[in-house]
Amino acid sequence: MKKSSLLGSATTVSGATAVSRILGLIREQVMAYFFGAGMATDAFVTAYRIPNLLRDLFAEGALSSAFVPIFKERLGTDSKENAFKLAHVVITAILVIVGLLVLLGIVASPALIYLFANGFTSDAAKFDLTVNLTQVMMAYLLLVSLSAVIMGMLNSFGRFGIPAISPAMFNIGTIVAVFALYETFDTPIYTMAIGVLVGGVGQVAIQLPSLWRIGYRFRFSVNIFDAGLRRVGRLITPMIIGLSAGRINILASTMIASFLVEGTISYLNYSYRLMHFPLGVFAVAIGTVALPRAAELVARKENHKVGETFLNAVGLNLYVVLPSAAFLGLLGPLIVDLVYRWGAFSALDSQRTALTLLHYAYGLIGFAVVRVVVPFFYAFDDSKTP
C-alpha cells in the first residue's frame, strides 16, 4: 500500500476524529463547568466506566477488529451478497448476546459498584447514585456495539469519514442533554447519563444513510454454524482476554481511587481525556485505516506490501505522537487551566488534574504504538499474539 494512500485515508479519519475529540473535550468542559470534581462527577465517571470498558472489549476493540478482516475477505474473494449474509448473522448475534449482557448489567449494578468502587460503600447516597447511573447507561453498550459493526462495514468499502465522525454525535448528545435538561432534575448529573444514551442513538443513526447507500438491508438471521461467525468468535475470545489486562488496570485504579479524597476519580478522568485526544486523532485513526487495507493485502497474499504498510503506519504514528507526549507533559498545568478552569472547577482541581496528566503523557507513546501494531496481527487472523 502506497504511503500517500495510507496518509490520505488516515488524514480523512484524523480530521473527522479531531472534530469528535474536540467535541469530547467540550463535553468534558461542560461537565467540569456544571459539576466540577466532586461526589456527582466521581459517581458518573465510575458508573460510565462499566459500559464504556465493556464497549472497549466487546465493541470498538475486539468486535470490530475480529469482524473487519473476515468481512473484507468475503468482499474481496467471494461476493458482496455473502459478505452481507455474514453481517446479518453477526448483527443478530450482537442483538441477542449484548442485549442479554445489558439486562444482566442492569440487574447486577449494585454488585458491580460494590466490587469496583468499594470505597463508595461508606457513603450510601454516593453508592446509590452510582448504581442508578450505571443502570441508566448500560444500554449504551448495545448501541455502540451496533455502531462498531456498521463502522467496520463502511470502512471495508473504503468509507472512513462518516464512521469516524459518528462519535461526535455521542458528544453532541451529551452536551445538548446537559444544557436542555439541567434545570429539570433534582440531581442534575442524571443529564449526563441521559446524554450518553442520546449520543449512542446518534452514533448509529448518522451511519445508516451510508449503510443504505452501499446496498445493505438488515435481516434477522440466526445461524450459529456460519463459518464466518465462528471465525469471528475464535478471533474475539483471545482479543477480549488481551484487552482485559488494560481494562482491569483501569478498574483497579478506580477501586483504589474510590478510597481516596473525593474528586480523585474525576481528576483521573479529566487528565485521561486530554491524553486520549492525540491517541484518538492520530494513533487510532492510523490503526483504523491500516486494518482493512492490511486485511485486503493478506487476502491477496501480497505480504511484502503488508510490511511496507506496517512501516508507513508506525512511522506516521510516531511522527505525531512523540511531540504530543512532550507537549502534554511539559505544558500540562497550562493546558488543564485553559480547558477546564471554568465554573465549578477550582484551582485545586486544576493542580491535581495536571499532576495526573504528567504521568499519562509518557504512557501515551506506548498506548499509541500498540494501537497501530495490533491491527496487523488481526489482519493475519492472529489475535493470540497481541
# chains A, B, ... in the order shown; residues from 1 in each chain; ligands from 1
>>> residues_around(residues="range 27-39 of chain A", least_positions_apart="5", cutoff="6 Å", atoms="only C-alpha atoms", output="list in words")
Ile175, Glu262, Gly263, Ser266, Tyr340, Trp342, Gly343, Ala344 and Phe345 of chain A
>>> write_last_selection(atoms="N, CA, C and O atoms", output="JSON list (two decimals), in the first residue's frame")
[["chain", "number", "residue", "atom", "x", "y", "z"],
["A", 175, "ILE", "N", -23.72, 16.90, 25.42],
["A", 175, "ILE", "CA", -23.70, 18.36, 25.64],
["A", 175, "ILE", "C", -25.10, 18.94, 25.60],
["A", 175, "ILE", "O", -25.51, 19.71, 26.48],
["A", 262, "GLU", "N", -12.26, 12.77, 47.92],
["A", 262, "GLU", "CA", -13.32, 12.98, 46.94],
["A", 262, "GLU", "C", -12.81, 13.83, 45.77],
["A", 262, "GLU", "O", -12.16, 14.85, 45.97],
["A", 263, "GLY", "N", -13.11, 13.39, 44.58],
["A", 263, "GLY", "CA", -12.66, 14.08, 43.38],
["A", 263, "GLY", "C", -11.52, 13.37, 42.67],
["A", 263, "GLY", "O", -11.21, 13.68, 41.51],
["A", 266, "SER", "N", -12.43, 11.84, 39.41],
["A", 266, "SER", "CA", -12.65, 12.90, 38.43],
["A", 266, "SER", "C", -11.34, 13.43, 37.87],
["A", 266, "SER", "O", -11.22, 13.68, 36.67],
["A", 340, "TYR", "N", -10.21, 23.39, 31.42],
["A", 340, "TYR", "CA", -11.16, 23.05, 32.47],
["A", 340, "TYR", "C", -11.43, 24.15, 33.51],
["A", 340, "TYR", "O", -12.43, 24.08, 34.22],
["A", 342, "TRP", "N", -13.00, 26.55, 34.63],
["A", 342, "TRP", "CA", -14.19, 27.39, 34.47],
["A", 342, "TRP", "C", -15.26, 26.91, 35.46],
["A", 342, "TRP", "O", -15.27, 25.76, 35.87],
["A", 343, "GLY", "N", -16.18, 27.78, 35.82],
["A", 343, "GLY", "CA", -17.32, 27.38, 36.63],
["A", 343, "GLY", "C", -16.94, 26.73, 37.94],
["A", 343, "GLY", "O", -16.19, 27.29, 38.75],
["A", 344, "ALA", "N", -17.42, 25.49, 38.14],
["A", 344, "ALA", "CA", -17.24, 24.79, 39.41],
["A", 344, "ALA", "C", -15.86, 24.14, 39.55],
["A", 344, "ALA", "O", -15.55, 23.58, 40.60],
["A", 345, "PHE", "N", -15.02, 24.21, 38.53],
["A", 345, "PHE", "CA", -13.70, 23.57, 38.55],
["A", 345, "PHE", "C", -12.70, 24.51, 39.22],
["A", 345, "PHE", "O", -12.36, 25.56, 38.68]]
>>> closest_atom_pairs(of="range 241-290 of chain A", to="range 106-118 of chain A", cutoff="7 Å", atoms="only C-alpha atoms", output="JSON lines")
{"residue": "A:Leu251", "atom": "CA", "partner": "A:Phe116", "partner_atom": "CA", "distance": 6.2}
{"residue": "A:Thr254", "atom": "CA", "partner": "A:Ala117", "partner_atom": "CA", "distance": 6.4}
{"residue": "A:Met255", "atom": "CA", "partner": "A:Ala117", "partner_atom": "CA", "distance": 4.6}
{"residue": "A:Ser258", "atom": "CA", "partner": "A:Ala117", "partner_atom": "CA", "distance": 5.4}
>>> atom_distance(atom1="CA of Ala180 in chain A", atom2="CA of Ala40 in chain A")
18.5 Å
>>> closest_residue(among="A:Leu142, A:Gly199, A:Ser65, A:Leu25", to="Asp382 in chain A", atoms="only C-alpha atoms")
A:Ser65
>>> closest_residue(among="A:Tyr48, A:Phe259, A:Tyr362, A:Phe84", to="Thr134 in chain A", atoms="only C-alpha atoms")
A:Tyr48
>>> residues_around(residues="Ala290 in chain A", least_positions_apart="3", cutoff="9 Å", atoms="only C-alpha atoms", output="list in words")
Leu6, Ala10, Ala285, Ile286, Gly287, Arg293, Ala294, Ala295, Thr309, Phe310, Ala313, Val372, Pro375 and Phe376 of chain A
>>> write_last_selection(atoms="N, CA and C atoms", output="PDB file, in the first residue's frame")
ATOM      1  N   LEU A   6      -2.195   5.606   2.232  1.00  0.00           N
ATOM      2  CA  LEU A   6      -2.412   5.426   3.670  1.00  0.00           C
ATOM      3  C   LEU A   6      -2.544   6.784   4.348  1.00  0.00           C
ATOM      4  N   ALA A  10      -5.785   8.137   6.255  1.00  0.00           N
ATOM      5  CA  ALA A  10      -5.574   8.434   7.670  1.00  0.00           C
ATOM      6  C   ALA A  10      -5.883   9.902   7.967  1.00  0.00           C
ATOM      7  N   ALA A 285      -6.709   6.623  14.463  1.00  0.00           N
ATOM      8  CA  ALA A 285      -7.047   6.883  13.062  1.00  0.00           C
ATOM      9  C   ALA A 285      -6.171   6.064  12.120  1.00  0.00           C
ATOM     10  N   ILE A 286      -4.870   6.038  12.386  1.00  0.00           N
ATOM     11  CA  ILE A 286      -3.957   5.278  11.533  1.00  0.00           C
ATOM     12  C   ILE A 286      -4.251   3.787  11.632  1.00  0.00           C
ATOM     13  N   GLY A 287      -4.509   3.300  12.848  1.00  0.00           N
ATOM     14  CA  GLY A 287      -4.841   1.891  13.021  1.00  0.00           C
ATOM     15  C   GLY A 287      -6.144   1.524  12.338  1.00  0.00           C
ATOM     16  N   ARG A 293      -6.977  -2.287   5.089  1.00  0.00           N
ATOM     17  CA  ARG A 293      -6.017  -2.330   3.989  1.00  0.00           C
ATOM     18  C   ARG A 293      -5.064  -3.503   4.151  1.00  0.00           C
ATOM     19  N   ALA A 294      -4.606  -3.724   5.377  1.00  0.00           N
ATOM     20  CA  ALA A 294      -3.737  -4.875   5.627  1.00  0.00           C
ATOM     21  C   ALA A 294      -4.491  -6.174   5.384  1.00  0.00           C
ATOM     22  N   ALA A 295      -5.759  -6.232   5.816  1.00  0.00           N
ATOM     23  CA  ALA A 295      -6.557  -7.439   5.618  1.00  0.00           C
ATOM     24  C   ALA A 295      -6.739  -7.742   4.128  1.00  0.00           C
ATOM     25  N   THR A 309       3.228  -1.260   4.380  1.00  0.00           N
ATOM     26  CA  THR A 309       2.133  -0.556   5.048  1.00  0.00           C
ATOM     27  C   THR A 309       2.388  -0.447   6.544  1.00  0.00           C
ATOM     28  N   PHE A 310       2.935  -1.521   7.129  1.00  0.00           N
ATOM     29  CA  PHE A 310       3.248  -1.531   8.562  1.00  0.00           C
ATOM     30  C   PHE A 310       4.263  -0.442   8.903  1.00  0.00           C
ATOM     31  N   ALA A 313       2.754   3.002   8.628  1.00  0.00           N
ATOM     32  CA  ALA A 313       1.803   3.297   9.699  1.00  0.00           C
ATOM     33  C   ALA A 313       2.520   3.637  11.004  1.00  0.00           C
ATOM     34  N   VAL A 372      -1.476   0.883  16.680  1.00  0.00           N
ATOM     35  CA  VAL A 372      -1.139   0.737  15.264  1.00  0.00           C
ATOM     36  C   VAL A 372      -0.604  -0.663  14.957  1.00  0.00           C
ATOM     37  N   PRO A 375      -3.465  -4.138  14.935  1.00  0.00           N
ATOM     38  CA  PRO A 375      -4.310  -4.482  13.792  1.00  0.00           C
ATOM     39  C   PRO A 375      -3.621  -5.335  12.728  1.00  0.00           C
ATOM     40  N   PHE A 376      -2.307  -5.239  12.621  1.00  0.00           N
ATOM     41  CA  PHE A 376      -1.620  -6.053  11.612  1.00  0.00           C
ATOM     42  C   PHE A 376      -1.630  -7.534  11.992  1.00  0.00           C
TER      43      PHE A 376
END
>>> closest_residue(among="A:Ala164, A:Leu129, A:Leu348, A:Val204", to="Phe44 in chain A", atoms="only C-alpha atoms")
A:Leu129
>>> atom_distance(atom1="CA of Val149 in chain A", atom2="CA of Thr130 in chain A")
29.4 Å
>>> closest_atom_pairs(of="range 65-172 of chain A", to="range 221-228 of chain A", cutoff="7 Å", atoms="only C-alpha atoms", output="CSV")
residue,atom,partner,partner_atom,distance
A:Ile70,CA,A:Gly228,CA,6.7
A:Leu86,CA,A:Gly228,CA,6.3
A:His88,CA,A:Ser221,CA,5.8
A:Val89,CA,A:Ser221,CA,5.2
A:Thr92,CA,A:Ser221,CA,6.0
>>> select_by_dssp(residues="range 89-175 of chain A", states="alpha helix (DSSP H)", output="PyMOL selection string")
chain A and resi 89-107+109-116+124-137+140-156+161-175
>>> atom_distance(atom1="CA of Val339 in chain A", atom2="CA of Leu274 in chain A")
9.1 Å
